[in-house]
$ cat my_file_4.txt   # compact mmCIF, C-alpha atoms
# COMPACT_ATOMS: atom_id res chain seq x y z
CA MET A 327 0.00 0.00 0.00
CA GLN A 328 1.38 3.38 -1.03
CA LYS A 329 1.98 5.77 1.86
CA THR A 330 0.79 9.34 1.56
CA MET A 331 3.17 12.07 2.73
CA ILE A 332 1.09 14.52 4.77
CA GLN A 333 3.78 17.18 4.95
CA VAL A 334 7.37 17.68 3.91
CA PRO A 335 9.47 16.54 6.87
CA ILE A 336 12.22 18.78 8.18
CA ILE A 337 14.75 15.93 8.43
CA SER A 338 15.21 12.72 6.46
CA VAL A 339 17.16 10.02 8.29
CA ILE A 340 18.89 7.55 5.95
CA ILE A 341 20.07 4.17 7.25
CA PRO A 342 21.87 1.79 4.85
CA VAL A 343 21.30 -1.79 6.01
CA TYR A 344 23.42 -4.81 5.17
CA ASN A 345 23.27 -8.05 7.19
CA SER A 346 22.52 -6.14 10.39
CA GLU A 347 19.86 -8.36 11.97
CA GLN A 348 21.69 -8.27 15.32
CA THR A 349 21.81 -4.48 15.61
CA VAL A 350 19.30 -2.87 13.26
CA ARG A 351 16.37 -3.00 15.73
CA ARG A 352 18.35 -1.05 18.32
CA CYS A 353 19.30 1.47 15.65
CA ILE A 354 15.77 1.95 14.29
CA ASP A 355 14.19 2.10 17.76
CA SER A 356 16.58 4.86 18.77
CA VAL A 357 15.43 6.91 15.77
CA LEU A 358 11.71 6.33 16.28
CA LYS A 359 11.95 7.36 19.95
CA GLN A 360 13.40 10.79 19.17
CA ASN A 361 12.16 13.87 21.03
CA PHE A 362 12.14 15.65 17.68
CA SER A 363 9.24 14.23 15.69
CA ASN A 364 9.27 15.99 12.32
CA PHE A 365 11.29 13.42 10.38
CA GLU A 366 11.03 10.51 7.99
CA LEU A 367 13.15 7.36 8.19
CA LEU A 368 14.48 5.74 5.03
CA LEU A 369 15.81 2.19 5.41
CA ILE A 370 17.88 1.03 2.43
CA ASN A 371 18.41 -2.72 2.33
CA ASP A 372 21.61 -3.25 0.34
CA GLY A 373 21.03 -6.88 -0.66
CA SER A 374 21.16 -8.38 2.83
CA THR A 375 21.27 -12.18 2.99
CA ASP A 376 20.06 -12.43 6.60
CA ASN A 377 16.74 -11.33 8.12
CA SER A 378 17.47 -7.58 7.88
CA GLY A 379 15.02 -7.11 5.02
CA LEU A 380 12.15 -8.73 6.92
CA ILE A 381 12.93 -6.71 10.04
CA ILE A 382 12.84 -3.35 8.30
CA ASN A 383 9.66 -4.28 6.42
CA ASN A 384 7.94 -4.89 9.74
CA TYR A 385 8.88 -1.41 10.94
CA CYS A 386 7.55 0.05 7.72
CA LYS A 387 4.16 -1.64 8.28
CA LYS A 388 3.89 -0.34 11.84
CA ASP A 389 5.06 3.27 11.49
CA ASP A 390 4.02 5.75 8.79
CA ARG A 391 7.32 7.62 9.16
CA VAL A 392 9.29 4.60 7.94
CA TYR A 393 10.00 3.84 4.26
CA THR A 394 11.92 0.80 3.04
CA PHE A 395 13.81 0.22 -0.21
CA HIS A 396 15.43 -3.04 -1.30
CA THR A 397 18.25 -3.30 -3.82
CA LYS A 398 20.91 -5.76 -4.86
CA ASN A 399 24.20 -5.49 -3.00
CA CYS A 400 26.05 -2.54 -4.54
CA GLY A 401 27.77 -1.11 -1.46
CA VAL A 402 27.11 1.56 1.14
CA SER A 403 27.72 4.49 -1.24
CA SER A 404 25.05 3.22 -3.62
CA ALA A 405 22.63 2.69 -0.72
CA ARG A 406 23.22 6.21 0.58
CA ASN A 407 22.74 7.66 -2.89
CA LEU A 408 19.41 5.89 -3.22
CA GLY A 409 18.41 7.39 0.10
CA LEU A 410 19.45 10.86 -1.08
CA ARG A 411 17.30 10.51 -4.20
CA LYS A 412 14.26 9.26 -2.26
CA ALA A 413 14.51 11.69 0.68
CA LYS A 414 11.77 14.32 0.97
CA GLY A 415 13.12 16.24 3.95
CA LYS A 416 14.64 19.71 3.77
CA TRP A 417 17.67 18.34 5.63
CA ILE A 418 19.32 14.92 5.56
CA THR A 419 21.35 12.96 8.08
CA PHE A 420 22.87 9.47 7.97
CA VAL A 421 22.92 6.77 10.63
CA ASP A 422 24.71 3.42 10.32
CA SER A 423 22.71 0.30 11.19
CA ASP A 424 25.31 -0.84 13.75
CA ASP A 425 25.02 2.40 15.70
CA TRP A 426 22.34 4.20 17.69
CA ILE A 427 21.43 7.75 18.65
CA ALA A 428 20.42 9.54 21.86
CA LEU A 429 16.83 10.71 22.35
CA ASP A 430 17.77 14.33 21.61
CA TYR A 431 20.09 13.67 18.67
CA LEU A 432 17.85 15.07 15.93
CA GLU A 433 16.73 17.86 18.23
CA GLN A 434 20.33 18.99 18.76
CA LEU A 435 21.01 18.93 15.01
CA TYR A 436 17.86 20.94 14.42
CA LYS A 437 18.80 23.52 17.08
CA ALA A 438 22.13 24.07 15.30
CA LEU A 439 20.34 25.28 12.15
CA PRO A 440 20.62 29.11 11.95
CA ASN A 441 17.51 29.34 9.78
CA ILE A 442 15.41 26.34 8.81
CA ASP A 443 14.12 27.78 5.52
CA LYS A 444 16.74 30.17 4.14
CA TRP A 445 20.09 28.83 5.34
CA LYS A 446 21.79 26.21 3.12
CA GLY A 447 24.99 25.15 4.86
CA LEU A 448 26.32 22.17 6.83
CA VAL A 449 25.70 21.22 10.45
CA VAL A 450 28.52 19.34 12.21
CA GLN A 451 28.44 17.94 15.73
CA GLY A 452 30.45 15.57 17.90
CA TYR A 453 29.81 11.90 18.56
CA SER A 454 30.43 9.18 21.13
CA ARG A 455 32.71 6.32 20.12
CA VAL A 456 31.92 2.93 21.66
CA LEU A 457 35.36 1.39 22.21
CA PRO A 458 36.12 -2.36 22.03
CA ILE A 459 37.84 -2.33 25.43
CA ALA A 460 36.64 -2.80 29.00
CA ASN A 461 33.12 -3.84 27.97
CA CYS A 462 32.91 -1.19 25.29
CA ASN A 463 33.62 2.03 27.13
CA ILE A 464 32.36 5.23 25.53
CA GLU A 465 34.70 8.02 24.46
CA THR A 466 33.27 11.37 23.38
CA VAL A 467 34.73 13.19 20.39
CA CYS A 468 33.63 16.80 20.68
CA PRO A 469 34.52 19.89 18.59
CA ALA A 470 36.42 22.55 20.50
CA ILE A 471 34.29 25.24 18.88
CA LYS A 472 30.59 26.06 18.66
CA GLY A 473 28.51 28.35 16.48
CA LEU A 474 28.37 29.58 12.90
CA TYR A 475 31.54 29.90 10.80
CA ARG A 476 32.08 31.20 7.28
CA LEU A 477 34.34 29.04 5.12
CA SER A 478 35.95 32.13 3.59
CA GLU A 479 36.96 33.41 7.03
CA GLU A 480 38.06 30.07 8.46
CA LYS A 481 40.02 28.50 5.61
CA ASP A 482 41.96 26.18 7.89
CA LEU A 483 39.18 25.44 10.37
CA LEU A 484 38.61 21.93 9.02
CA ASN A 485 42.32 21.18 9.25
CA ASN A 486 43.25 22.09 12.80
CA ASN A 487 42.64 20.90 16.32
CA LYS A 488 39.36 22.81 16.60
CA LEU A 489 37.58 20.68 14.00
CA ASN A 490 40.10 18.09 12.88
CA ILE A 491 39.21 16.62 9.49
CA SER A 492 40.40 13.16 10.54
CA GLN A 493 37.80 13.09 13.32
CA PHE A 494 34.81 14.71 11.63
CA ASN A 495 34.88 13.54 8.00
CA PHE A 496 32.39 10.71 8.63
CA THR A 497 28.80 10.81 7.45
CA ILE A 498 27.67 10.69 11.07
CA GLY A 499 26.80 13.74 13.15
CA LYS A 500 25.85 16.00 10.24
CA LEU A 501 22.95 17.64 8.45
CA VAL A 502 23.18 18.36 4.73
CA SER A 503 20.74 20.41 2.66
CA LYS A 504 18.48 18.51 0.25
CA ASP A 505 18.42 21.62 -1.92
CA ILE A 506 22.22 21.70 -2.21
CA ILE A 507 22.32 17.95 -2.97
CA GLU A 508 19.80 18.23 -5.80
CA ARG A 509 20.87 21.56 -7.26
CA HIS A 510 24.56 20.62 -7.50
CA ARG A 511 24.14 16.83 -7.82
CA VAL A 512 26.34 16.01 -4.84
CA TYR A 513 26.41 12.25 -4.37
CA PHE A 514 28.76 9.55 -3.10
CA ASP A 515 31.15 8.16 -5.73
CA GLU A 516 30.03 4.54 -6.06
CA GLN A 517 33.32 3.57 -7.71
CA VAL A 518 35.34 4.63 -4.67
CA SER A 519 35.44 2.51 -1.50
CA PHE A 520 38.18 4.46 0.31
CA LEU A 521 37.69 8.00 1.65
CA GLU A 522 34.28 8.15 -0.03
CA ASP A 523 32.87 10.03 2.99
CA LEU A 524 35.56 12.67 2.86
CA LEU A 525 35.18 13.09 -0.92
CA PHE A 526 31.43 13.59 -0.51
CA TYR A 527 31.83 16.38 2.05
CA LEU A 528 34.67 18.07 0.21
CA GLU A 529 32.38 18.28 -2.82
CA TYR A 530 29.45 19.45 -0.71
CA ILE A 531 31.30 22.35 0.94
CA LYS A 532 32.22 23.73 -2.50
CA HIS A 533 28.61 24.86 -2.73
CA ILE A 534 28.06 26.43 0.69
CA ASP A 535 29.27 29.62 2.38
CA ASP A 536 29.23 28.62 6.04
CA PHE A 537 28.61 25.83 8.50
CA SER A 538 27.27 25.43 12.01
CA VAL A 539 29.05 23.47 14.74
CA SER A 540 27.39 21.87 17.76
CA THR A 541 29.17 20.29 20.72
CA ALA A 542 26.45 17.65 21.19
CA THR A 543 27.71 14.04 21.18
CA GLY A 544 24.48 12.03 20.93
CA TYR A 545 25.53 9.73 18.09
CA TYR A 546 26.90 6.38 19.35
CA TYR A 547 29.41 5.14 16.81
CA VAL A 548 30.12 1.46 17.45
CA THR A 549 33.61 0.06 16.87
CA CYS A 550 33.11 -3.06 19.03
CA ASN A 551 31.92 -5.30 16.21
CA PRO A 552 34.68 -6.13 13.66
CA GLU A 553 31.96 -6.96 11.11
CA SER A 554 30.20 -3.63 11.56
CA LEU A 555 29.76 -1.08 8.79
CA SER A 556 31.51 1.57 10.89
CA TYR A 557 34.52 -0.61 11.63
CA LYS A 558 35.00 -1.58 8.01
CA HIS A 559 34.77 1.93 6.65
CA TYR A 560 36.85 3.78 9.25
CA PRO A 561 39.97 1.71 10.03
CA ALA A 562 43.16 3.22 11.47
CA GLU A 563 44.78 3.21 8.02
CA LYS A 564 42.06 5.52 6.73
CA GLU A 565 42.64 7.97 9.58
CA TYR A 566 46.36 8.02 8.74
CA HIS A 567 45.79 8.78 5.07
CA ILE A 568 43.38 11.58 5.94
CA HIS A 569 46.11 13.18 8.04
CA VAL A 570 48.54 12.88 5.12
CA ILE A 571 46.08 14.51 2.72
CA ALA A 572 45.19 17.26 5.18
CA GLU A 573 48.83 18.17 5.75
CA GLY A 574 49.94 17.76 2.15
$ encode --input "my_file_4.txt" --output "structure tokens"
Amino acid sequence: MQKTMIQVPIISVIIPVYNSEQTVRRCIDSVLKQNFSNFELLLINDGSTDNSGLIINNYCKKDDRVYTFHTKNCGVSSARNLGLRKAKGKWITFVDSDDWIALDYLEQLYKALPNIDKWKGLVVQGYSRVLPIANCNIETVCPAIKGLYRLSEEKDLLNNNKLNISQFNFTIGKLVSKDIIERHRVYFDEQVSFLEDLLFYLEYIKHIDDFSVSTATGYYYVTCNPESLSYKHYPAEKEYHIHVIAEG
């Protein structure tokens, strides 16, 4: 049965899903329990071979905010791009199916928007890293700055200790403008499997004048599971190469 969109949501949450039957319920539940309610949730099943597809279909049947899409396995960049094309929200954020978010996560992102209708920049906030030591202790990664910054005035802001590019290049903890995505055709390069996140945001910031930084850390980025999406896409080698590029 085709769902009818009553209004254009402020935020679209995109979750790529691949063989995540052990964690995807926790992830989806954390989104649906948000204090901020004006959102839609897009679940992109990237050819899972476990029960992930059935799980997300059940959520779609129970909650009108949830939309599911099923594709053959083409990788996380392809799944995210499908989500970008299907999203109806004015702003878009990504969550990985291994992770979860705090109850006020979307609310904090929304509060960091200078102007919901006219402003077309980038929102960046911190996150909490779930470490694979001592029963998965949590380490917060928080920007040392807060507020609105113009790119022209802060040319090295993304390459210093205030907002280090090696810590904040991930898709997590950000809001991007649907209008910017569509107008300038900013998508993930599906032929690239290394630094694809960084490439996406470097392309995106070409088309904006400023960005807003929040010190909230309500995204829980899981590194405990060696099979997780987050672990596979953000290994230590990737961090090293980002440092080399940033300093080169």
$ closest_residue --input "my_file_4.txt" --among "A:Trp417, A:Tyr475, A:Phe526, A:Tyr545" --to "Ser503 (chain A)" --atoms "only C-alpha atoms"
A:Trp417
$ atom_distance --input "my_file_4.txt" --atom1 "CA of Leu432 (chain A)" --atom2 "CA of Asp515 (chain A)"
26.3 Å
$ closest_residue --input "my_file_4.txt" --among "A:Ile507, A:Val539, A:Leu528, A:Val343" --to "Ala438 (chain A)" --atoms "all atoms listed in the file"
A:Val539
$ closest_residue --input "my_file_4.txt" --among "A:Leu457, A:Ala405, A:Val450, A:Ile498" --to "Asn371 (chain A)" --atoms "all atoms listed in the file"
A:Ala405
$ residues_near_point --input "my_file_4.txt" --point "(20.7, 29.8, 14.4)" --cutoff "9 Å" --atoms "all atoms listed in the file" --output "list in words"
Lys437, Ala438, Leu439, Pro440, Asn441, Ile442, Gly473, Leu474 and Ser538 of chain A
$ write_last_selection --input "my_file_4.txt" --atoms "C-alpha atoms" --output "mmCIF file, in the frame of the given file"
data_model
loop_
_atom_site.group_PDB
_atom_site.id
_atom_site.type_symbol
_atom_site.label_atom_id
_atom_site.label_comp_id
_atom_site.auth_asym_id
_atom_site.auth_seq_id
_atom_site.Cartn_x
_atom_site.Cartn_y
_atom_site.Cartn_z
ATOM 1 C CA LYS A 437 18.800 23.520 17.080
ATOM 2 C CA ALA A 438 22.130 24.070 15.300
ATOM 3 C CA LEU A 439 20.340 25.280 12.150
ATOM 4 C CA PRO A 440 20.620 29.110 11.950
ATOM 5 C CA ASN A 441 17.510 29.340 9.780
ATOM 6 C CA ILE A 442 15.410 26.340 8.810
ATOM 7 C CA GLY A 473 28.510 28.350 16.480
ATOM 8 C CA LEU A 474 28.370 29.580 12.900
ATOM 9 C CA SER A 538 27.270 25.430 12.010
#
$ closest_residue --input "my_file_4.txt" --among "A:Ile340, A:Val548, A:Leu367, A:Ile534" --to "Pro458 (chain A)" --atoms "all atoms listed in the file"
A:Val548
$ atom_distance --input "my_file_4.txt" --atom1 "CA of Cys400 (chain A)" --atom2 "CA of Asp372 (chain A)"
6.6 Å
$ atom_distance --input "my_file_4.txt" --atom1 "CA of Leu408 (chain A)" --atom2 "CA of Lys504 (chain A)"
13.1 Å
$ residues_around --input "my_file_4.txt" --residues "Gln517 (chain A)" --least-positions-apart "5" --cutoff "12 Å" --atoms "all atoms listed in the file" --output "count of residues only"
7
$ closest_residue --input "my_file_4.txt" --among "A:Asp376, A:Asp425, A:Glu508, A:Asp389" --to "Arg351 (chain A)" --atoms "all atoms listed in the file"
A:Asp425
$ residues_around --input "my_file_4.txt" --residues "region 390-399 of chain A" --least-positions-apart "6" --cutoff "10 Å" --atoms "only C-alpha atoms" --output "VMD selection string"
chain A and resid 329 to 331 335 338 to 344 354 358 363 to 375 379 382 to 384 405 408 to 409 412 to 413
$ closest_residue --input "my_file_4.txt" --among "A:Tyr527, A:Tyr431, A:Tyr546, A:Phe362" --to "Val502 (chain A)" --atoms "all atoms listed in the file"
A:Tyr527
$ residues_around --input "my_file_4.txt" --residues "Cys353 (chain A)" --least-positions-apart "6" --cutoff "10 Å" --atoms "all atoms listed in the file" --output "CSV table (one decimal) with C-alpha atoms, keeping the file's coordinate frame"
chain,number,residue,atom,x,y,z
A,341,ILE,CA,20.1,4.2,7.2
A,346,SER,CA,22.5,-6.1,10.4
A,421,VAL,CA,22.9,6.8,10.6
A,422,ASP,CA,24.7,3.4,10.3
A,423,SER,CA,22.7,0.3,11.2
A,424,ASP,CA,25.3,-0.8,13.8
A,425,ASP,CA,25.0,2.4,15.7
A,426,TRP,CA,22.3,4.2,17.7
A,427,ILE,CA,21.4,7.8,18.6
A,546,TYR,CA,26.9,6.4,19.4
$ residues_around --input "my_file_4.txt" --residues "Ser478 (chain A)" --least-positions-apart "6" --cutoff "12 Å" --atoms "all atoms listed in the file" --output "ChimeraX atom specification"
/A:484,531-532,534-537
